[in-house]
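Source file start_12.csv; content: CSV, C-alpha atoms.
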chain,number,residue,atom,x,y,z
A,1452,MET,CA,-8.7,2.7,-17.3
A,1453,LYS,CA,-9.9,6.2,-16.5
A,1454,SER,CA,-13.4,7.6,-16.3
A,1455,ASP,CA,-14.3,10.9,-14.8
A,1456,ASN,CA,-17.5,9.4,-13.6
A,1457,LEU,CA,-15.8,6.9,-11.4
A,1458,PHE,CA,-14.1,9.2,-8.9
A,1459,THR,CA,-14.7,12.3,-6.8
A,1460,LEU,CA,-12.0,14.2,-4.9
A,1461,VAL,CA,-13.3,15.9,-1.6
A,1462,LEU,CA,-11.4,18.9,-0.2
A,1463,LEU,CA,-12.3,19.9,3.4
A,1464,ILE,CA,-11.0,23.3,4.4
A,1465,LYS,CA,-11.2,25.8,7.2
A,1466,GLY,CA,-9.3,29.0,6.7
A,1467,ARG,CA,-5.7,28.9,5.4
A,1468,HIS,CA,-6.8,30.6,2.3
A,1469,GLU,CA,-3.3,30.9,0.9
A,1470,PHE,CA,-3.0,27.1,0.8
A,1471,THR,CA,-6.4,26.8,-0.9
A,1472,HIS,CA,-5.2,29.3,-3.5
A,1473,ARG,CA,-2.0,27.2,-4.1
A,1474,TRP,CA,-3.9,24.0,-4.2
A,1475,LEU,CA,-6.4,25.3,-6.8
A,1476,THR,CA,-3.7,26.9,-8.9
A,1477,TYR,CA,-1.8,23.6,-9.1
A,1478,MET,CA,-4.9,21.5,-9.8
A,1479,ARG,CA,-5.6,23.9,-12.7
A,1480,LYS,CA,-2.0,23.6,-13.8
A,1481,ILE,CA,-2.2,19.8,-14.1
A,1482,LYS,CA,-5.7,20.0,-15.7
A,1483,PHE,CA,-7.3,17.8,-13.1
A,1484,SER,CA,-10.4,16.3,-14.7
A,1485,TYR,CA,-12.2,14.4,-12.0
A,1486,PRO,CA,-15.0,16.2,-10.1
A,1487,ILE,CA,-14.0,18.1,-6.9
A,1488,ILE,CA,-16.3,18.9,-4.0
A,1489,ILE,CA,-15.2,21.5,-1.6
A,1490,GLY,CA,-16.6,21.7,1.9
A,1491,ASP,CA,-15.6,25.1,3.4
A,1492,GLY,CA,-16.0,25.3,7.2
A,1493,GLN,CA,-14.8,28.9,7.5
A,1494,ASP,CA,-18.1,30.6,6.6
A,1495,ASP,CA,-16.7,33.6,4.9
A,1496,ASP,CA,-16.3,34.8,1.3
A,1497,GLU,CA,-12.6,34.3,0.8
A,1498,THR,CA,-12.6,30.8,-0.7
A,1499,LYS,CA,-15.5,31.8,-3.1
A,1500,LYS,CA,-13.4,34.8,-4.2
A,1501,ILE,CA,-10.4,32.6,-4.9
A,1502,LEU,CA,-12.6,30.1,-6.8
A,1503,ASP,CA,-14.1,32.9,-8.9
A,1504,VAL,CA,-10.7,34.1,-10.0
A,1505,ILE,CA,-8.8,30.8,-10.5
A,1506,ASN,CA,-11.7,28.8,-11.9
A,1507,GLN,CA,-13.7,31.6,-13.7
A,1508,ASP,CA,-13.6,29.6,-17.0
A,1509,LYS,CA,-14.8,26.4,-15.2
A,1510,LYS,CA,-11.9,24.4,-16.4
A,1511,LEU,CA,-12.0,22.5,-13.0
A,1512,ASN,CA,-15.2,20.6,-12.2
A,1513,ILE,CA,-15.8,22.1,-8.7
A,1514,THR,CA,-18.9,22.0,-6.5
A,1515,TYR,CA,-18.6,24.3,-3.5
A,1516,TYR,CA,-20.5,24.2,-0.2
A,1517,ARG,CA,-20.1,26.6,2.7
A,1518,TYR,CA,-20.5,25.7,6.3
A,1519,ASN,CA,-19.9,27.2,9.8
A,1520,THR,CA,-17.8,24.8,11.8
A,1521,HIS,CA,-16.6,27.2,14.5
A,1522,ASP,CA,-18.6,25.6,17.3
A,1523,GLY,CA,-16.6,22.4,17.4
A,1524,TYR,CA,-15.7,19.1,15.9
A,1525,LEU,CA,-19.3,17.9,15.6
A,1526,ASP,CA,-19.9,20.6,12.9
A,1527,TYR,CA,-16.8,19.3,11.2
A,1528,TYR,CA,-18.0,15.7,11.3
A,1529,LYS,CA,-21.4,16.8,10.0
A,1530,MET,CA,-19.8,18.7,7.2
A,1531,LYS,CA,-17.6,15.8,6.2
A,1532,HIS,CA,-20.6,13.4,6.2
A,1533,ASP,CA,-22.7,15.9,4.3
A,1534,ILE,CA,-20.1,16.3,1.6
A,1535,VAL,CA,-19.4,12.6,1.2
A,1536,SER,CA,-23.1,12.0,1.0
A,1537,ALA,CA,-23.2,14.4,-2.0
A,1538,VAL,CA,-20.7,12.2,-3.9
A,1539,ASP,CA,-22.4,10.2,-6.6
A,1540,THR,CA,-19.4,8.5,-8.1
A,1541,LYS,CA,-18.2,5.0,-7.2
A,1542,TYR,CA,-15.0,6.1,-5.5
A,1543,VAL,CA,-14.0,9.0,-3.3
A,1544,MET,CA,-10.9,10.4,-1.6
A,1545,LEU,CA,-10.4,13.1,1.1
A,1546,CYS,CA,-7.5,15.5,0.8
A,1547,ASP,CA,-6.1,18.6,2.5
A,1548,ASN,CA,-5.3,22.0,0.9
A,1549,ASP,CA,-1.6,21.9,1.9
A,1550,ASP,CA,-1.0,18.7,0.0
A,1551,PHE,CA,-0.7,17.6,-3.6
A,1552,ILE,CA,-2.4,14.9,-5.7
A,1553,LEU,CA,-0.1,12.7,-7.8
A,1554,ILE,CA,-2.5,11.9,-10.7
A,1555,ASN,CA,-0.8,8.8,-12.1
A,1556,GLY,CA,-0.8,7.2,-8.7
A,1557,LEU,CA,-4.4,8.2,-8.1
A,1558,ASN,CA,-5.4,6.4,-11.3
A,1559,ASP,CA,-3.5,3.3,-10.1
A,1560,GLN,CA,-5.7,3.2,-7.0
A,1561,ILE,CA,-8.9,3.6,-9.0
A,1562,ASN,CA,-7.9,1.0,-11.6
A,1563,PHE,CA,-7.0,-1.4,-8.8
A,1564,LEU,CA,-10.4,-1.1,-7.1
A,1565,GLU,CA,-12.2,-1.5,-10.4
A,1566,GLN,CA,-10.4,-4.8,-11.0
A,1567,ASN,CA,-10.6,-6.1,-7.4
A,1568,SER,CA,-14.1,-5.6,-6.1
A,1569,GLU,CA,-13.4,-7.4,-2.8
A,1570,TYR,CA,-11.3,-4.4,-1.7
A,1571,VAL,CA,-13.1,-1.4,-0.2
A,1572,SER,CA,-10.1,1.0,-0.3
A,1573,ALA,CA,-6.6,1.3,-1.8
A,1574,SER,CA,-3.6,3.5,-1.3
A,1575,GLY,CA,-0.3,4.2,-2.9
A,1576,LYS,CA,2.7,5.1,-0.7
A,1577,ILE,CA,2.3,8.7,0.6
A,1578,LEU,CA,5.3,10.9,0.1
A,1579,ASN,CA,6.2,14.0,2.2
A,1580,PHE,CA,7.9,17.3,1.6
A,1581,GLU,CA,8.9,20.5,3.6
A,1582,ILE,CA,9.6,24.0,2.6
A,1583,ASP,CA,12.6,26.0,4.0
A,1584,ARG,CA,13.2,23.8,7.0
A,1585,PHE,CA,9.6,23.0,7.9
A,1586,ASN,CA,8.4,26.6,7.7
A,1587,TYR,CA,4.6,27.3,7.7
A,1588,VAL,CA,4.7,28.7,4.2
A,1589,CYS,CA,3.1,28.0,0.8
A,1590,TYR,CA,6.2,28.7,-1.3
A,1591,GLY,CA,9.9,28.9,-0.7
A,1592,LYS,CA,13.5,28.9,-2.0
A,1593,LYS,CA,14.2,25.4,-0.7
A,1594,PRO,CA,11.3,22.9,-1.0
A,1595,SER,CA,12.7,19.4,-0.2
A,1596,LEU,CA,11.3,15.9,-0.5
A,1597,LEU,CA,11.2,13.7,2.6
A,1598,SER,CA,10.9,10.0,3.0
A,1599,ALA,CA,7.6,8.2,2.3
A,1600,CYS,CA,5.4,7.2,5.2
A,1601,ASN,CA,6.1,3.8,6.7
A,1602,TYR,CA,3.9,0.9,5.8
A,1603,TYR,CA,3.6,-2.3,7.8
A,1604,ARG,CA,0.4,-3.8,6.6
A,1605,ILE,CA,0.1,-4.1,2.8
A,1606,ASP,CA,-3.1,-6.1,3.0
A,1607,GLU,CA,-5.7,-5.5,5.7
A,1608,PRO,CA,-7.2,-6.7,7.9
A,1609,LEU,CA,-4.7,-9.1,9.3
A,1610,ASP,CA,-5.9,-12.7,10.0
A,1611,ASN,CA,-5.6,-12.0,13.8
A,1612,TRP,CA,-7.7,-9.1,15.1
A,1613,LYS,CA,-5.6,-8.8,18.2
A,1614,ASN,CA,-2.6,-8.1,16.0
A,1615,GLN,CA,-4.6,-5.8,13.7
A,1616,ILE,CA,-5.7,-3.6,16.6
A,1617,ASN,CA,-2.3,-3.5,18.2
A,1618,GLN,CA,-0.6,-2.6,15.0
A,1619,ILE,CA,-3.0,0.2,14.2
A,1620,PHE,CA,-2.0,1.9,17.4
A,1621,THR,CA,1.7,1.0,17.5
A,1622,LYS,CA,2.7,0.8,13.8
A,1623,PHE,CA,0.8,3.7,12.5
A,1624,GLN,CA,0.2,4.0,8.7
A,1625,PRO,CA,-2.3,6.5,7.2
A,1626,ASN,CA,-5.5,5.4,5.6
A,1627,PHE,CA,-7.3,8.8,5.8
A,1628,TYR,CA,-6.1,9.5,2.2
A,1629,ASN,CA,-7.0,6.1,0.8
A,1630,VAL,CA,-9.3,6.0,-2.3
A,1631,PHE,CA,-12.5,4.4,-0.8
A,1632,GLN,CA,-15.6,2.9,-2.2
A,1633,THR,CA,-18.0,5.8,-1.6
A,1634,ARG,CA,-20.5,3.6,0.1
A,1635,ILE,CA,-17.9,2.7,2.7
A,1636,LEU,CA,-16.9,6.3,3.5
A,1637,LYS,CA,-20.6,7.2,3.8
A,1638,ILE,CA,-21.0,4.6,6.5
A,1639,ILE,CA,-17.9,5.7,8.4
A,1640,THR,CA,-18.6,9.5,8.2
A,1641,SER,CA,-22.2,8.9,9.4
A,1642,GLU,CA,-20.9,7.0,12.5
A,1643,LEU,CA,-18.4,9.8,13.2
A,1644,VAL,CA,-21.3,12.2,13.5
A,1645,ASN,CA,-23.0,9.9,16.0
A,1646,LEU,CA,-19.8,9.2,18.0
A,1647,ASN,CA,-18.7,12.9,18.0
A,1648,PHE,CA,-15.1,12.4,19.2
A,1649,SER,CA,-13.7,15.4,21.0
A,1650,ASP,CA,-10.2,14.6,19.6
A,1651,LEU,CA,-9.3,14.3,15.9
A,1652,VAL,CA,-6.6,11.7,16.7
A,1653,ILE,CA,-9.3,9.3,17.9
A,1654,ASN,CA,-11.3,10.2,14.8
A,1655,GLU,CA,-8.4,9.0,12.6
A,1656,PHE,CA,-7.9,5.8,14.7
A,1657,TYR,CA,-11.6,5.1,14.3
A,1658,ILE,CA,-11.5,5.4,10.6
A,1659,GLN,CA,-8.6,2.9,10.5
A,1660,LEU,CA,-10.4,0.4,12.8
A,1661,ARG,CA,-13.8,0.7,11.1
A,1662,ALA,CA,-12.5,0.4,7.6
A,1663,ALA,CA,-10.8,-2.9,8.5
A,1664,THR,CA,-14.2,-4.2,9.7
A,1665,LEU,CA,-15.9,-3.3,6.4
A,1666,GLY,CA,-13.6,-5.1,3.9
A,1667,ARG,CA,-10.1,-5.4,2.6
A,1668,SER,CA,-7.7,-2.6,1.9
A,1669,LYS,CA,-4.5,-2.6,-0.1
A,1670,VAL,CA,-1.3,-0.6,-0.3
A,1671,LEU,CA,0.1,-0.5,-3.8
A,1672,THR,CA,3.8,-0.3,-2.9
A,1673,SER,CA,5.0,0.6,-6.4
A,1674,SER,CA,2.6,3.5,-6.6
A,1675,PHE,CA,2.6,7.0,-5.1
A,1676,HIS,CA,-0.6,9.1,-5.1
A,1677,TYR,CA,-0.2,11.7,-2.5
A,1678,LEU,CA,2.4,14.3,-1.3
A,1679,ARG,CA,2.0,15.8,2.2
A,1680,GLN,CA,3.5,19.0,3.4
A,1681,ARG,CA,5.2,18.7,6.8
A,1682,GLY,CA,5.3,21.7,9.2
A,1683,THR,CA,1.8,23.0,8.6
A,1684,SER,CA,-0.3,20.8,10.9
A,1685,SER,CA,-1.8,22.0,14.2
A,1686,ILE,CA,0.8,20.0,16.1
A,1687,SER,CA,3.8,21.1,14.1
A,1688,LYS,CA,4.6,24.2,16.1
A,1689,ASN,CA,4.5,24.8,19.9
A,1690,TYR,CA,2.0,22.0,20.5
A,1691,GLU,CA,1.4,21.2,24.2
A,1692,PHE,CA,-0.2,17.8,24.6
A,1693,SER,CA,-0.9,18.3,28.3
A,1694,GLU,CA,-3.0,21.5,27.5
A,1695,ASP,CA,-4.8,19.8,24.6
A,1696,ILE,CA,-5.8,16.7,26.6
A,1697,LEU,CA,-7.4,18.9,29.3
A,1698,LYS,CA,-9.6,20.6,26.7
A,1699,LYS,CA,-10.7,17.3,25.2
A,1700,ASN,CA,-12.3,14.2,26.6
A,1701,MET,CA,-10.0,11.6,25.3
A,1702,PRO,CA,-10.8,8.8,27.9
A,1703,SER,CA,-14.5,9.0,26.9
A,1704,ASP,CA,-13.5,9.0,23.2
A,1705,VAL,CA,-11.4,5.8,23.6
A,1706,ARG,CA,-14.3,4.1,25.4
A,1707,LYS,CA,-16.8,5.1,22.7
A,1708,MET,CA,-14.4,3.8,20.0
A,1709,ALA,CA,-13.8,0.5,21.9
A,1710,ASN,CA,-17.5,0.0,22.6
A,1711,ARG,CA,-18.5,0.6,18.9
A,1712,ILE,CA,-15.8,-1.6,17.4
A,1713,SER,CA,-16.3,-4.4,19.9
A,1714,GLU,CA,-20.1,-4.3,19.1
A,1715,ILE,CA,-19.4,-4.6,15.4
A,1716,LEU,CA,-17.0,-7.5,15.8
A,1717,SER,CA,-19.0,-9.2,18.5
A,1718,PRO,CA,-20.6,-12.0,16.4
A,1719,ASN,CA,-17.2,-13.5,15.9
A,1720,TYR,CA,-15.1,-12.1,18.8
A,1721,SER,CA,-15.5,-11.5,22.5
A,1722,ARG,CA,-16.6,-7.9,23.1
A,1723,ASP,CA,-14.5,-7.7,26.3
A,1724,GLU,CA,-11.4,-9.0,24.5
A,1725,ILE,CA,-11.7,-6.4,21.7
A,1726,ARG,CA,-12.3,-3.6,24.2
A,1727,GLU,CA,-9.2,-4.6,26.2
A,1728,ASN,CA,-7.1,-4.9,23.0
A,1729,ILE,CA,-8.1,-1.4,22.0
A,1730,PHE,CA,-7.4,0.0,25.5
A,1731,LYS,CA,-4.0,-1.8,25.5
A,1732,GLY,CA,-3.2,-0.6,22.0
A,1733,PHE,CA,-4.1,3.0,22.7
A,1734,SER,CA,-2.2,2.9,26.0
A,1735,ASP,CA,0.9,1.7,24.2
A,1736,TYR,CA,0.5,4.6,21.6
A,1737,LEU,CA,0.0,7.1,24.4
A,1738,ASN,CA,3.1,5.9,26.4
A,1739,PHE,CA,5.2,6.3,23.3
A,1740,PHE,CA,3.8,9.6,22.3
A,1741,LEU,CA,4.1,11.1,25.8
A,1742,GLY,CA,7.6,9.8,26.2
A,1743,ASN,CA,8.7,11.7,23.1
A,1744,THR,CA,6.7,15.0,23.7
A,1745,THR,CA,7.6,15.5,27.3
A,1746,LEU,CA,11.4,15.2,26.9
A,1747,LYS,CA,11.7,19.0,26.8
A,1748,PHE,CA,10.0,19.2,30.2
A,1749,ARG,CA,11.9,16.4,31.8
A,1750,PHE,CA,15.3,17.4,30.5
A,1751,PRO,CA,15.0,21.2,29.8
A,1752,LYS,CA,18.7,21.9,29.7
A,1753,LEU,CA,19.4,19.0,27.3
A,1754,TYR,CA,16.5,20.2,25.2
A,1755,LYS,CA,17.9,23.7,25.0
A,1756,VAL,CA,21.3,22.3,23.9
A,1757,LYS,CA,19.6,20.3,21.2
A,1758,ILE,CA,17.7,23.4,19.9
A,1759,PHE,CA,20.9,25.4,20.0
A,1760,LEU,CA,22.8,22.8,18.0
A,1761,VAL,CA,20.0,22.5,15.4
A,1762,ASN,CA,19.8,26.3,15.0
A,1763,PHE,CA,23.6,26.5,14.8
A,1764,ILE,CA,23.8,23.9,12.1
A,1765,GLN,CA,21.0,25.4,10.1
A,1766,HIS,CA,22.2,29.0,10.2
A,1767,ASN,CA,26.0,28.5,10.2
A,1768,LEU,CA,26.5,25.4,8.2
A,1769,ASN,CA,23.9,26.3,5.5
A,1770,ILE,CA,25.9,24.9,2.6
A,1771,PHE,CA,26.2,21.5,4.2
A,1772,TYR,CA,22.4,21.5,5.1
A,1773,ASN,CA,21.5,22.4,1.5
A,1774,ASN,CA,23.8,19.7,0.1
A,1775,TYR,CA,22.3,17.2,2.5
A,1776,ARG,CA,18.8,18.2,1.2
A,1777,SER,CA,19.9,17.9,-2.4
A,1778,LEU,CA,21.4,14.5,-1.8
A,1779,LYS,CA,18.2,13.4,0.0
A,1780,ASN,CA,16.0,14.5,-2.9
A,1781,TYR,CA,18.2,12.6,-5.3
A,1782,LEU,CA,18.2,9.4,-3.2
A,1783,ILE,CA,14.4,9.6,-2.7
A,1784,LEU,CA,13.8,9.9,-6.5
A,1785,ARG,CA,16.3,7.1,-7.1
A,1786,LYS,CA,14.4,4.9,-4.6
A,1787,ILE,CA,11.1,5.6,-6.3
A,1788,GLY,CA,12.7,4.2,-9.5
A,1789,GLN,CA,13.6,1.0,-7.6
A,1790,TYR,CA,9.9,0.5,-6.7
A,1791,SER,CA,8.4,1.3,-10.0
A,1792,THR,CA,8.6,0.3,-13.6
A,1793,ASN,CA,10.6,2.6,-15.9
A,1794,THR,CA,7.5,4.3,-17.2
A,1795,LYS,CA,6.0,4.8,-13.7
A,1796,ALA,CA,9.3,6.0,-12.3
A,1797,PHE,CA,9.7,8.5,-15.0
A,1798,ASN,CA,6.1,9.8,-14.5
A,1799,ILE,CA,6.3,10.1,-10.7
A,1800,LYS,CA,9.8,11.8,-10.9
A,1801,THR,CA,8.4,14.3,-13.5
A,1802,GLN,CA,5.4,15.1,-11.3
A,1803,LEU,CA,7.6,15.6,-8.2
A,1804,ILE,CA,10.1,17.8,-9.9
A,1805,ASP,CA,7.2,19.8,-11.4
A,1806,ILE,CA,5.8,20.4,-7.9
A,1807,LEU,CA,9.1,21.4,-6.4
A,1808,ASN,CA,9.7,23.8,-9.3
A,1809,PHE,CA,6.1,25.2,-8.9
A,1810,LEU,CA,6.8,25.8,-5.2
A,1811,LYS,CA,10.1,27.6,-6.0
A,1812,GLU,CA,8.8,29.7,-9.0
A,1813,LYS,CA,5.9,31.2,-6.9
A,1814,SER,CA,8.4,32.3,-4.2
A,1815,ASP,CA,10.4,34.5,-6.6

Take the structure from the file and write it as structure tokens.
Amino acid sequence: MKSDNLFTLVLLIKGRHEFTHRWLTYMRKIKFSYPIIIGDGQDDDETKKILDVINQDKKLNITYYRYNTHDGYLDYYKMKHDIVSAVDTKYVMLCDNDDFILINGLNDQINFLEQNSEYVSASGKILNFEIDRFNYVCYGKKPSLLSACNYYRIDEPLDNWKNQINQIFTKFQPNFYNVFQTRILKIITSELVNLNFSDLVINEFYIQLRAATLGRSKVLTSSFHYLRQRGTSSISKNYEFSEDILKKNMPSDVRKMANRISEILSPNYSRDEIRENIFKGFSDYLNFFLGNTTLKFRFPKLYKVKIFLVNFIQHNLNIFYNNYRSLKNYLILRKIGQYSTNTKAFNIKTQLIDILNFLKEKSD
């Protein structure tokens, strides 16, 4: 089943025009037929210029809105809610301009939701890739596939809300890129405006918690709908958590999140118990995160040795590294074949190989 009136793809961007150019070029290449709404928080003419060139013949069905989100995250939350509110199809999905949509997998999610109305969102397994050893680039000589994201909860919410909350924080799996019933994402984005979290990590945790209170979500483990680039996020390079946490108000964010979720669940659960479960879950997440990010400060000499060895291997054992990446690509594609039917496996492999070739061709 496929209807262009069922689904809208939402692209939220701010700057990084070279990635927007790549994203639009590829969407045109695959003849993406669903409506696209772009929310541009940069407030300049660059994205419009790119659109005018790449989509001058209107082959892509794009609606473009410009915003100014330079004053903080509240403007971003308002933009997101405003764009989602403009969606008039039954289903919607958010995406980033450094990632790729896998169209057959996307159709799997839409078809599943059409056939299972009790589910408010669905996801395939999200795959990952990097370019030239996690460089912050659009194209390169050596784009490589990485393993799929880990998935621990195929059907949510769990029967026990204490376990649900704990696992959201300690066994992270993404739902930001799920295909949602539009009415559900409108509720969540409206609440994000009111809550106005100072940290986007809390924003993502809230989306996971809130979605689980609004209905069931499913991960289709034999489907792959999204390919994420690693090495391009704000925390990929030289990220200092200690500096970031001083600029934000994370304790207040967590309390607001705990208060809101406990209020929603209060008819059936103790507010205090839900709040304490959220505090405990986030504390466990924070302890794990800090333990990994502060190693270079606690053991600076050991960290320098590690960086030296990594650089040595990458620069002096290049042939072994390249062979390793080639083998990993092969094994990932083979594993996809084990999850999928023959037809699905062929389709996803073809799409992934096309994307890798696209990334290499443009670098020449």

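Nearest residue to Val1504 (chain A) among A:His1472, A:Lys1779, A:Arg1467, A:Lys1482 is A:His1472, counting all atoms listed in the file.
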
* To do: Compare A:Leu1511, A:Met1701, A:Leu1596, A:Ile1582 by their minimum atom-to-atom distance to Ile1804 (chain A), counting all atoms listed in the file, and give me the closest one.
  =>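 Comparing A:Leu1511, A:Met1701, A:Leu1596, A:Ile1582 against Ile1804 (chain A), the winner is A:Leu1596.
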
(message) Using only C-alpha atoms, which protein or nucleic acid residues come within 7 Å of Thr1621 (chain A)? Drop anything in the same chain fewer than 4 positions from it, and give the result as a ChimeraX atom specification.
(response) /A:1617,1732,1735-1736

Using only C-alpha atoms, the best pick from A:Ser1641, A:Ser1777, A:Asn1548, A:Thr1633 as closest to Glu1469 (chain A) would be A:Asn1548

- request: Can you work out the spacing between CA of Glu1724 (chain A) and CA of Asn1654 (chain A) in Å, to one decimal?
  value: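 Taking CA of Glu1724 (chain A) as the start and CA of Asn1654 (chain A) as the end point, the length is 21.5 Å.
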
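Among the candidates A:Lys1800, A:Lys1669, A:His1521, A:Lys1613, the residue lying nearest to Tyr1570 (chain A) is A:Lys1669 (atoms considered: all atoms listed in the file).
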
If we count all atoms listed in the file and set the cut-off at 9 Å, which residues sit around region 1655-1663 of chain A, ignoring sequence neighbours fewer than 2 positions away in its own chain? Please answer as a list in words. Val1571, Ser1572, Glu1607, Pro1608, Leu1609, Gln1615, Ile1616, Ile1619, Phe1620, Pro1625, Asn1626, Phe1627, Ile1635, Leu1636, Ile1639, Thr1640, Leu1643, Leu1651, Val1652, Ile1653, Leu1665, Gly1666, Arg1667, Ser1668, Met1708, Ile1712 and Ile1715 of chain A

Tell me which protein, DNA and RNA residues are within 9 Å of Asp1539 (chain A), counting all atoms listed in the file, leaving out same-chain ones fewer than 4 positions away, and put them as a count of residues only.
-> 6
